[in-house]
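**Student:** Can you keep this structure in mind? I'll have questions shortly.
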Amino acid sequence: MEGAIDTLLILVVLSGLYMLATSDLVAAIRATALQGLVLALLPLLVRGHVDLHGAALGAGTLALKVFAIPTLLRAALRRAGVNREVEPLLGFGASLSLAGVLVVLSIALGQRLAVPGAPPSSLLVPCAFATVLIGLLILVGRTKALTQVLGYLVLENGIFLFGLAVLRAMPLIVELGVLLDILVAVFVMGIVMHKIRRTFDHIDTHAMTELRD
Amino acid sequence: MPGPWLPLFTLVPLGGAVVALALRSKTGRAGLLVATALVHLGLVASLFAPGVAPPRPALGGHLALDPLGLLVLSVASLVFAATAIYNVRYRRLTPPRLSRVYMPANLVLLAAMSVLCTARHLGVLWVASGATTLATALVVPLHRGRHALEATWKFIMLCSVGVAFALLGIFFVGIAATDPAGTSAASGLLLDDLLATARAGRLSAPWLRTAFVFLLVGYGTKVGLAPLHSWKPDTYAEAPTPISALLATGLTACAFLNLLRGYQVLVAAGEGAFGGQLLVVLGLFSIAVGAAFVVGQGDLKRLLAYSGVEHMGIVALGVGLGGTAAYGAMLHLVGHSIAKGVLFLAAGNAILACGTRAVGDLSGLMRRLPATGVLLLAGFLATLGFPPSAIFLSELTILRGAIEAGLHGIAGAFVGLLSIVFVAVAAAAVRIVQGRSAKVEAADPESSLLTLPAFALLALVVALGVHIPAALHRALAGAAALVGG
């Protein structure tokens, strides 16, 4: 069981790195769906048995992170009619090297901050930190509005990994509330993105700098 | 007799929102907004009535009202009622059509604020905080062009990422509460359980400190503490004025409440000094940034936003100093919300009437729109801490707290920065009120529906500066005690 959990955790980090490396937006959306799938499986594995809480959480994660949100993002991409290329502010090579540094940093952090009690896996904290940092890197290192949403999703996925350590402290209703909140956030971001596209004729946030003092 | 059943505070506005969404008549939606707001305010007022005991905890301890929650709930309900009445007339005068979800979204905001003030589970607080961001993003009129879009995008991205960090902070609190045997209780994120665990010294200090840093970054973004404030001026400027008023008052106070919940746990665990230092540093920095950007600020709503950054800095400073200053901070949170309500509603009148937010083009307001001019001038003086405003009292209390603690450098910096703000804001106020260039465009820009709510708030902030009623004093002292005052 421990081996499976470790493999899945590493898969989350690798798909984050893949999103940094790829220049194809559709592939990047697919990678968030993969992360979502892993996040739907992990609570079941961590709890070691299937109960109502785990099943409902898994089903909710699956519905939102694997189906609803990627569908919304693909629709936004189609409607916006943007080219499928990622436009990096920070080059691919530079962002991957930086990500490498961040992963090392996360491992160091994970060693200093030990989870009290019996964590589901010794890789949990390093992988979660690495995913959060990669998400931030995507958020600030890419210019398109859509890639910023993807960065936000990766960041959220990293935070969800931390949530595995406190599974028992979160009532199901709160966890579903958190998921719903993210779905609505992505939905609203999609609406705004659509209007940005119609008004500015692109979804490059780099050019949105008219409001300043 | 115990106070009202706690879920009512959330269910009333939520029910109102559902009905408002179904109503077809615009007048009906506006009327429902006012009716719901007044019922909510009535419920809150009943909590202060003599002989009414604090409401009983509900839903198995998931809902309870402590003095801190009571203070913020009262302020939120009060300012909401004022903006609700204001909205009746505002919706007819404002040039960009308000969307159909405008009134329901207002009520959702009130429901979310009520959850924030009464809930005891950190996860529930987080969900409600996210809901306020999304409900706000829905009502910025997006069809108004590039600036509104840019502001909305900044607002939703920064606040979403911000609250994501806050969620991380909450998970870290949960990890800190896991006992070494690995069996944290199912209610591990209930505030009362956490406080008990913290007092027993069973929270892991490194995780708790890390958690507070993330909570500070996360909720600090929503509060608008510098350097996390950059969405604030843009959003205040582009949102409809009643929404800006809510953002600057009730919603900011609620975001601060969320931050204080984390600080409460930190204090209970004996780590208050660590969090206090962070709050003092961020507080002073916010006051400085606010002071730097109000100087020569040419846009009225952006001016109010930067003043908000400054005032939230003052509250953070007061809480961080603790002791006497914590009482001052609580009074400041209340006084600032009421005074800012006056300013935003008056500014809304001026902007509606003159069709501009530029301070230069608004000059001569006193001559053309006397009631608005008086409100704006009095509102500015009240926020600047001119006696007999409640803010004079709160700033003085925070200053006294700093001096009592022997922190003369901080006290000096505080007074120096406040003087800069005073000169800059007073100059802007005089420019707006005096002179003779304002062109009034809209018809009937001073209907009593637009001015009376602001006059009521103004009377209240002055009254609180003269005399603090015993019930309010108890709430303020109780709230200050909760955050280590």
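Identifiers for the structure tokens are assigned positionally: chains receive A, B, ... in sequence, residues are indexed from 1 per chain, and ligands are indexed from 1 in the order shown.
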Please identify which residues in range 343-467 of chain B DSSP calls helix (DSSP H, G or I) from the backbone, and express them as a PyMOL selection string.

**Tutor:** chain B and resi 343-354+360-362+365-368+370-384+390-404+408-433+448-466

**Student:** Counting only C-alpha atoms, which residues of chain A fall within 7 Å of chain B, and what is the closest atom pair for each with its distance in Å at one decimal, ordered by chain and rising number, as CSV?

**Tutor:**
```
residue,atom,partner,partner_atom,distance
A:Val115,CA,B:Ile175,CA,6.6
A:Pro116,CA,B:Pro180,CA,5.1
A:Gly117,CA,B:Gly182,CA,3.8
A:Ala118,CA,B:Gly182,CA,5.3
A:Tyr152,CA,B:Val161,CA,6.6
A:Glu156,CA,B:Ala164,CA,6.5
A:Ile159,CA,B:Leu168,CA,5.7
A:Phe162,CA,B:Phe171,CA,6.5
A:Gly163,CA,B:Phe171,CA,5.9
A:Ala165,CA,B:Ile175,CA,6.6
A:Val166,CA,B:Gly174,CA,5.8
A:Arg168,CA,B:Ala186,CA,5.3
A:Ala169,CA,B:Gly188,CA,4.7
A:Val174,CA,B:Gly123,CA,5.9
A:Gly177,CA,B:Val127,CA,6.1
A:Val178,CA,B:Val127,CA,5.9
A:Asp181,CA,B:Gly130,CA,6.4
A:Ala185,CA,B:Leu134,CA,6.5
A:Val192,CA,B:Trp153,CA,6.8
A:Ile196,CA,B:Leu149,CA,6.4
A:Thr199,CA,B:Arg146,CA,6.6
A:Met208,CA,B:Glu150,CA,6.0
A:Leu211,CA,B:Asp234,CA,6.6
```

**Student:** For the residues selected in the previous step, produce a file with C-alpha atoms as an mmCIF file, in the first residue's frame.

**Tutor:**
```
data_model
loop_
_atom_site.group_PDB
_atom_site.id
_atom_site.type_symbol
_atom_site.label_atom_id
_atom_site.label_comp_id
_atom_site.auth_asym_id
_atom_site.auth_seq_id
_atom_site.Cartn_x
_atom_site.Cartn_y
_atom_site.Cartn_z
ATOM 1 C CA VAL A 115 4.278 15.295 10.402
ATOM 2 C CA PRO A 116 3.443 14.245 13.959
ATOM 3 C CA GLY A 117 1.926 10.795 14.343
ATOM 4 C CA ALA A 118 1.929 8.316 11.495
ATOM 5 C CA TYR A 152 -3.976 27.906 -9.582
ATOM 6 C CA GLU A 156 -4.801 23.673 -5.125
ATOM 7 C CA ILE A 159 -2.751 21.817 -0.974
ATOM 8 C CA PHE A 162 -1.506 18.278 2.588
ATOM 9 C CA GLY A 163 -5.179 17.668 3.289
ATOM 10 C CA ALA A 165 -2.533 14.372 6.480
ATOM 11 C CA VAL A 166 -5.618 15.789 8.219
ATOM 12 C CA ARG A 168 -9.924 12.781 9.873
ATOM 13 C CA ALA A 169 -10.203 16.400 11.020
ATOM 14 C CA VAL A 174 -16.423 20.943 4.423
ATOM 15 C CA GLY A 177 -17.567 22.744 0.090
ATOM 16 C CA VAL A 178 -13.899 23.282 -0.720
ATOM 17 C CA ASP A 181 -15.615 26.550 -4.183
ATOM 18 C CA ALA A 185 -13.879 29.848 -8.986
ATOM 19 C CA VAL A 192 -14.053 36.655 -17.122
ATOM 20 C CA ILE A 196 -11.343 39.487 -21.729
ATOM 21 C CA THR A 199 -12.664 43.052 -25.256
ATOM 22 C CA MET A 208 -3.486 44.185 -18.742
ATOM 23 C CA LEU A 211 -4.667 50.085 -13.659
#
```

**Student:** Can you tell me which residues surround Pro67 in chain B at a distance of at most 9 Å, considering only C-alpha atoms, apart from same-chain residues fewer than 3 positions away, and format the answer as a list in words?

**Tutor:**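 Counting only C-alpha atoms, the residues come to Leu70, Leu71, Val72, Arg474, Ala475, Leu476, Ala477, Gly478, Ala479, Ala480 and Leu482 of chain B.
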
**Student:** For the atom pair CA of Phe285 in chain B and CA of Ile398 in chain B, what is the interatomic distance in Å to one decimal place?

**Tutor:**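 Separation between CA of Phe285 in chain B and CA of Ile398 in chain B: 16.1 Å.
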
**Student:** Write out as a ChimeraX atom specification which residues come within 9 Å of Val103 in chain A when counting only C-alpha atoms, dropping same-chain ones fewer than 5 positions away.

**Tutor:** /A:13,98,108,126-127,129-131,133-134

**Student:** Given the selection you just returned, output its residues as a file containing N, CA and C atoms, formatted as a PDB file, in the first residue's frame.

**Tutor:**
```pdb
ATOM      1  N   VAL A  13       3.763  15.083  -8.806  1.00  0.00           N
ATOM      2  CA  VAL A  13       4.867  16.025  -9.032  1.00  0.00           C
ATOM      3  C   VAL A  13       5.305  15.975 -10.495  1.00  0.00           C
ATOM      4  N   LEU A  98      14.491  25.838 -12.555  1.00  0.00           N
ATOM      5  CA  LEU A  98      14.001  26.433 -11.321  1.00  0.00           C
ATOM      6  C   LEU A  98      13.136  25.423 -10.557  1.00  0.00           C
ATOM      7  N   ALA A 108      14.099  19.236   1.353  1.00  0.00           N
ATOM      8  CA  ALA A 108      14.747  19.765   2.555  1.00  0.00           C
ATOM      9  C   ALA A 108      13.702  20.202   3.574  1.00  0.00           C
ATOM     10  N   PRO A 126       7.167  16.425   1.216  1.00  0.00           N
ATOM     11  CA  PRO A 126       7.969  16.946   0.094  1.00  0.00           C
ATOM     12  C   PRO A 126       7.167  17.055  -1.202  1.00  0.00           C
ATOM     13  N   CYS A 127       6.371  16.033  -1.516  1.00  0.00           N
ATOM     14  CA  CYS A 127       5.616  16.076  -2.776  1.00  0.00           C
ATOM     15  C   CYS A 127       4.580  17.192  -2.758  1.00  0.00           C
ATOM     16  N   PHE A 129       4.669  20.026  -0.950  1.00  0.00           N
ATOM     17  CA  PHE A 129       5.364  21.315  -1.079  1.00  0.00           C
ATOM     18  C   PHE A 129       5.791  21.539  -2.529  1.00  0.00           C
ATOM     19  N   ALA A 130       6.352  20.497  -3.160  1.00  0.00           N
ATOM     20  CA  ALA A 130       6.842  20.645  -4.535  1.00  0.00           C
ATOM     21  C   ALA A 130       5.690  21.017  -5.464  1.00  0.00           C
ATOM     22  N   THR A 131       4.520  20.360  -5.292  1.00  0.00           N
ATOM     23  CA  THR A 131       3.393  20.656  -6.172  1.00  0.00           C
ATOM     24  C   THR A 131       2.910  22.088  -5.976  1.00  0.00           C
ATOM     25  N   LEU A 133       4.679  24.648  -5.004  1.00  0.00           N
ATOM     26  CA  LEU A 133       5.651  25.586  -5.575  1.00  0.00           C
ATOM     27  C   LEU A 133       5.620  25.565  -7.101  1.00  0.00           C
ATOM     28  N   ILE A 134       5.441  24.353  -7.690  1.00  0.00           N
ATOM     29  CA  ILE A 134       5.357  24.283  -9.154  1.00  0.00           C
ATOM     30  C   ILE A 134       4.120  25.049  -9.628  1.00  0.00           C
TER      31      ILE A 134
END
```

**Student:** Compile the contact shell of range 458-465 of chain B as a list in words: residues with an atom at most 10 Å away, counting only C-alpha atoms, same-chain residues fewer than 6 positions apart removed.

**Tutor:** Leu331, Val334, Gly335, His336, Ser337, Ile338, Ala339, Lys340, Gly341, Val342, Leu343, Leu375, Ala378, Gly379, Ala382, Thr383, Gly385, Phe386, Pro387, Pro388, Ser389, Ala390, Ile391, Phe392, Leu393, Ser394, Leu452 and Leu472 of chain B

**Student:** In Å to one decimal, how far is CA of Ala358 in chain B from CA of Ala371 in chain B?

**Tutor:**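 Those two atoms sit 19.5 Å apart.
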
**Student:** Please identify all polymer residues within 12 Å of range 28-42 of chain B, counting only C-alpha atoms, omitting same-chain residues fewer than 6 positions from it, and present them as a PyMOL selection string.

**Tutor:** chain B and resi 3-4+6-22+48-49+73-92+98-111+113-114+449+453

**Student:** Could you give me, as a compact mmCIF listing (two decimals) with N, CA and C atoms, in the first residue's frame, the residues within 12 Å of Gly141 in chain A, counting only C-alpha atoms and dropping anything in the same chain fewer than 2 positions from it?

**Tutor:**
```txt
# COMPACT_ATOMS: atom_id res chain seq x y z
N MET A 19 3.63 19.86 -17.01
CA MET A 19 2.89 21.07 -17.39
C MET A 19 3.82 22.25 -17.58
N LEU A 20 4.91 22.27 -16.81
CA LEU A 20 5.90 23.34 -16.98
C LEU A 20 6.64 23.18 -18.30
N ALA A 21 6.83 21.91 -18.72
CA ALA A 21 7.69 21.65 -19.86
C ALA A 21 6.94 21.70 -21.18
N VAL A 86 1.55 27.59 -25.37
CA VAL A 86 1.80 28.28 -24.12
C VAL A 86 2.78 29.41 -24.39
N GLU A 87 2.53 30.60 -23.85
CA GLU A 87 3.50 31.67 -24.04
C GLU A 87 4.22 31.92 -22.71
N PRO A 88 5.45 31.44 -22.63
CA PRO A 88 6.13 31.56 -21.34
C PRO A 88 6.76 32.94 -21.16
N LEU A 89 6.67 33.43 -19.93
CA LEU A 89 7.37 34.66 -19.56
C LEU A 89 8.81 34.26 -19.23
N LEU A 90 8.87 33.06 -18.65
CA LEU A 90 10.13 32.46 -18.25
C LEU A 90 10.31 31.27 -19.20
N GLY A 91 11.47 31.14 -19.84
CA GLY A 91 11.67 30.09 -20.83
C GLY A 91 11.46 28.69 -20.26
N PHE A 92 11.23 27.71 -21.14
CA PHE A 92 10.97 26.35 -20.67
C PHE A 92 12.16 25.79 -19.91
N ALA A 94 14.57 27.43 -18.39
CA ALA A 94 14.77 28.13 -17.12
C ALA A 94 13.73 27.68 -16.11
N SER A 95 12.45 27.53 -16.53
CA SER A 95 11.44 27.17 -15.53
C SER A 95 11.65 25.75 -15.03
N LEU A 96 12.13 24.85 -15.93
CA LEU A 96 12.38 23.48 -15.46
C LEU A 96 13.55 23.43 -14.48
N LEU A 98 14.49 25.84 -12.55
CA LEU A 98 14.00 26.43 -11.32
C LEU A 98 13.14 25.42 -10.56
N ALA A 99 12.31 24.67 -11.32
CA ALA A 99 11.46 23.66 -10.68
C ALA A 99 12.32 22.61 -9.99
N LEU A 133 4.68 24.65 -5.00
CA LEU A 133 5.65 25.59 -5.57
C LEU A 133 5.62 25.57 -7.10
N ILE A 134 5.44 24.35 -7.69
CA ILE A 134 5.36 24.28 -9.15
C ILE A 134 4.12 25.05 -9.63
N GLY A 135 3.01 24.90 -8.89
CA GLY A 135 1.80 25.64 -9.24
C GLY A 135 2.05 27.15 -9.24
N LEU A 136 2.74 27.62 -8.21
CA LEU A 136 3.05 29.06 -8.14
C LEU A 136 3.92 29.49 -9.32
N LEU A 137 4.86 28.60 -9.69
CA LEU A 137 5.77 28.91 -10.79
C LEU A 137 4.98 29.03 -12.09
N ILE A 138 4.01 28.12 -12.32
CA ILE A 138 3.18 28.21 -13.52
C ILE A 138 2.37 29.49 -13.48
N LEU A 139 1.88 29.83 -12.29
CA LEU A 139 1.03 31.01 -12.12
C LEU A 139 1.77 32.29 -12.49
N THR A 143 2.03 33.82 -19.28
CA THR A 143 1.27 35.06 -19.44
C THR A 143 -0.21 34.85 -19.73
N LYS A 144 -0.60 33.74 -20.34
CA LYS A 144 -2.01 33.62 -20.72
C LYS A 144 -2.90 33.43 -19.50
N ALA A 145 -4.09 34.01 -19.56
CA ALA A 145 -5.03 33.87 -18.46
C ALA A 145 -5.29 32.39 -18.18
N THR A 147 -3.34 29.77 -18.62
CA THR A 147 -2.25 29.09 -17.90
C THR A 147 -2.22 29.51 -16.44
N GLN A 148 -2.67 30.75 -16.17
CA GLN A 148 -2.72 31.16 -14.76
C GLN A 148 -3.75 30.33 -14.01
N LEU A 150 -4.53 27.29 -14.77
CA LEU A 150 -3.90 25.97 -14.59
C LEU A 150 -2.94 26.00 -13.40
N GLY A 151 -2.18 27.08 -13.28
CA GLY A 151 -1.26 27.20 -12.14
C GLY A 151 -2.01 27.17 -10.82
N THR A 205 -2.52 38.24 -20.04
CA THR A 205 -2.65 39.13 -18.89
C THR A 205 -1.49 40.11 -18.82
N HIS A 206 -0.44 39.80 -19.59
CA HIS A 206 0.74 40.64 -19.56
C HIS A 206 0.41 42.05 -20.04
```

**Student:** Give me, please, the distance in Å between CA of Ala119 in chain B and CA of Arg56 in chain B, quoted to one decimal.

**Tutor:**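 So the two atoms, CA of Ala119 in chain B and CA of Arg56 in chain B, lie 12.8 Å apart.
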